[in-house]
Amino acid sequence: MSFDDVRVEYAWPAAGAARSIGEGVASPLLFVGPPAALPDMASVAGVRLANILPPSRAAGYVRKTVTLDIIWIAAADTIEGELFADLCAAAGEQGCNLICETPLSALDHVAAAIPAALSAQLLVDADPVDRLVALAAARRARHAMVHDIARDDAMERIDRLQEEVARISRLLGDLAGQGGGLPGTPTGVSAWNDDSADYPPSQVRAPSRSYAVMPRSFVPEERTLDRQRAKMVRRMLRQRRMREQYFPADLFADPAWDMLLDLYAARLERQPVSVSSLCIAAAVPATTALRWIKTMTDAGLFLREADPHDGRRIFIALAEGAGDALARYFEALDE
C-alpha cells in the first residue's frame, strides 16, 4: 500500500476556527510514516485518524490543520535532521502532542532532537499495550480530563504510575527534612546551555559538574567518600539484578527506584547518564522506562542536561532535592 492509496476523510477547518478541541470530540491524529505501520486505534476512545503522510509533507500539513491534536511518527530515527526539527517546530506551533517510535540504538539522538517544551512520548520496540497507553496519554494531556468511556486499562495504568511518582516525591521530601515536596525542584524543565540568558526563576538549573577525573593523589577526602558511597550504591543495584536469577524479573520490578539509584551513583562518580543508559538501568522494557523518565522529570525529580560536547544528545540528572534526599537516605543507612 502506498501513500497515494490512502484516502482519509477530513474536514478542513474554516479560517479563524478555534485551535482547541472541545470535550467529547475525538482527537484528530496525523500518522507520519508508511500506511502499513499504522497502529491499531480501534480500541482507543476519543482518537480518530485525520491523515497519513510521508515526513516530507507532514510539517506543512500540521501548520494548515489548526485542530490537529496528535502527531504519530513511525520511524523518527529515519527522518533527516532538519526535516525532523521542522516537524517538531510545527507541532509546537499548533500545540500538538507528539508520539515517536525509534529503536534503542537511536534513542539518544531522537530524544535530543525533540524540544523539551514539546509534549512528547517515545516508544522503543513498543507492543500494542504501549501504543494504546501512548495514545490515551496524548489524548488525556490535551484535554486535561477524561470521560468515563475512556477510562480503560491504559488510563488506569497511567494513573497508577503518576500516583507512584507522587508517593516517591513525598518520601524523598520527608528524607530531605522538608515534609512535603522536594525543595528547589522545577515543575517543568527546558533544554539549556551555558550561553542561556535570563534563566526562568521558576525552574532550577542543575549545577554544572566537571566530568574530568582528578588524579587519585589530589582527590580530596570528600571525593574518596563519594567513591565509597558510589560503590555501595552500585553493589545494591547488582544485588537487585541478582534476584532475577532466582525469581521472575517482573516480580520485583521497581524502575523508579532503580533509576534513582543509578543517577545517584553517577552523580557521586561525576559521570553523565544518557537516556538510553538510564533505560537499561531501569531493568524494564525501554518504552516503560521512558514513560517513567518523563513522569519523574515532570514531577521535578529528574532534570534534562544538554551535552556540552554534542548537541545531538542530552543527559538525565537528579534534581538537587532528589539528590539531597538520597544522600540523607544513605547516611541513615550508615548509622
# chains A, B, ... in the order shown; residues from 1 in each chain; ligands from 1

$ residues_around --residues "Leu98 of chain A" --least-positions-apart "5" --cutoff "8 Å" --atoms "only C-alpha atoms" --output "JSON, numbers by chain"
{"A": [70, 71, 72, 73, 91, 118, 119, 120, 121, 138]}

$ closest_residue --among "A:Val133, A:Leu83, A:Leu303, A:Met41" --to "Glu320 of chain A" --atoms "only C-alpha atoms"
A:Leu303

$ residues_around --residues "Asp307 of chain A" --least-positions-apart "4" --cutoff "10 Å" --atoms "only C-alpha atoms" --output "PDB file with N, CA and C atoms, in the first residue's frame"
ATOM      1  N   ALA A 112      17.246  13.975  21.984  1.00  0.00           N
ATOM      2  CA  ALA A 112      17.886  15.286  21.992  1.00  0.00           C
ATOM      3  C   ALA A 112      17.291  16.210  20.937  1.00  0.00           C
ATOM      4  N   TRP A 192      18.775  23.776  28.030  1.00  0.00           N
ATOM      5  CA  TRP A 192      19.540  24.984  28.267  1.00  0.00           C
ATOM      6  C   TRP A 192      20.971  24.723  27.897  1.00  0.00           C
ATOM      7  N   ASN A 193      21.726  25.808  27.831  1.00  0.00           N
ATOM      8  CA  ASN A 193      23.160  25.681  27.644  1.00  0.00           C
ATOM      9  C   ASN A 193      23.848  26.805  28.403  1.00  0.00           C
ATOM     10  N   PRO A 272      28.155  11.487  33.416  1.00  0.00           N
ATOM     11  CA  PRO A 272      26.851  11.781  32.813  1.00  0.00           C
ATOM     12  C   PRO A 272      26.088  10.498  32.516  1.00  0.00           C
ATOM     13  N   SER A 274      23.152   9.030  29.900  1.00  0.00           N
ATOM     14  CA  SER A 274      22.312   9.262  28.727  1.00  0.00           C
ATOM     15  C   SER A 274      20.939   8.644  28.925  1.00  0.00           C
ATOM     16  N   GLY A 311      25.565  18.372  20.699  1.00  0.00           N
ATOM     17  CA  GLY A 311      24.203  18.885  20.726  1.00  0.00           C
ATOM     18  C   GLY A 311      23.166  17.862  20.333  1.00  0.00           C
ATOM     19  N   ARG A 312      23.603  16.713  19.841  1.00  0.00           N
ATOM     20  CA  ARG A 312      22.652  15.676  19.429  1.00  0.00           C
ATOM     21  C   ARG A 312      22.304  14.733  20.569  1.00  0.00           C
ATOM     22  N   ARG A 313      22.747  15.057  21.801  1.00  0.00           N
ATOM     23  CA  ARG A 313      22.498  14.162  22.918  1.00  0.00           C
ATOM     24  C   ARG A 313      22.171  14.963  24.169  1.00  0.00           C
ATOM     25  N   ILE A 314      21.331  14.398  25.018  1.00  0.00           N
ATOM     26  CA  ILE A 314      21.052  15.012  26.307  1.00  0.00           C
ATOM     27  C   ILE A 314      21.348  13.998  27.400  1.00  0.00           C
ATOM     28  N   PHE A 315      21.575  14.504  28.597  1.00  0.00           N
ATOM     29  CA  PHE A 315      21.776  13.664  29.762  1.00  0.00           C
ATOM     30  C   PHE A 315      20.601  13.846  30.717  1.00  0.00           C
ATOM     31  N   ILE A 316      20.400  12.845  31.559  1.00  0.00           N
ATOM     32  CA  ILE A 316      19.411  12.924  32.627  1.00  0.00           C
ATOM     33  C   ILE A 316      20.165  12.961  33.951  1.00  0.00           C
TER      34      ILE A 316
END

$ residues_around --residues "Thr78 of chain A" --least-positions-apart "6" --cutoff "12 Å" --atoms "only C-alpha atoms" --output "list in words"
Val32, Gly33, Pro54, Pro55, Ser56, Phe84, Cys100, Glu101, Thr102, Pro103, Ala106, Leu107, His109 and Val110 of chain A

$ closest_residue --among "A:Leu290, A:Val66, A:Leu301, A:Leu104" --to "Leu260 of chain A" --atoms "only C-alpha atoms"
A:Leu301

$ closest_residue --among "A:Ala113, A:Val47, A:Leu268, A:Ala319" --to "Ala134 of chain A" --atoms "only C-alpha atoms"
A:Val47

$ closest_residue --among "A:Ala89, A:Leu318, A:Ile280, A:Val233" --to "Ser105 of chain A" --atoms "only C-alpha atoms"
A:Ile280

$ closest_residue --among "A:Glu221, A:Arg167, A:Asp250, A:Leu237" --to "Met296 of chain A" --atoms "only C-alpha atoms"
A:Arg167

$ closest_residue --among "A:Thr287, A:Gln245, A:Ser277, A:Gln94" --to "Tyr61 of chain A" --atoms "only C-alpha atoms"
A:Gln94

$ atom_distance --atom1 "atom CA of Ala42 of chain A" --atom2 "atom CA of Ser27 of chain A"
13.3 Å

$ residues_around --residues "Ala59 of chain A" --least-positions-apart "5" --cutoff "7 Å" --atoms "only C-alpha atoms" --output "list in words"
Asp86, Leu87 and Ala90 of chain A
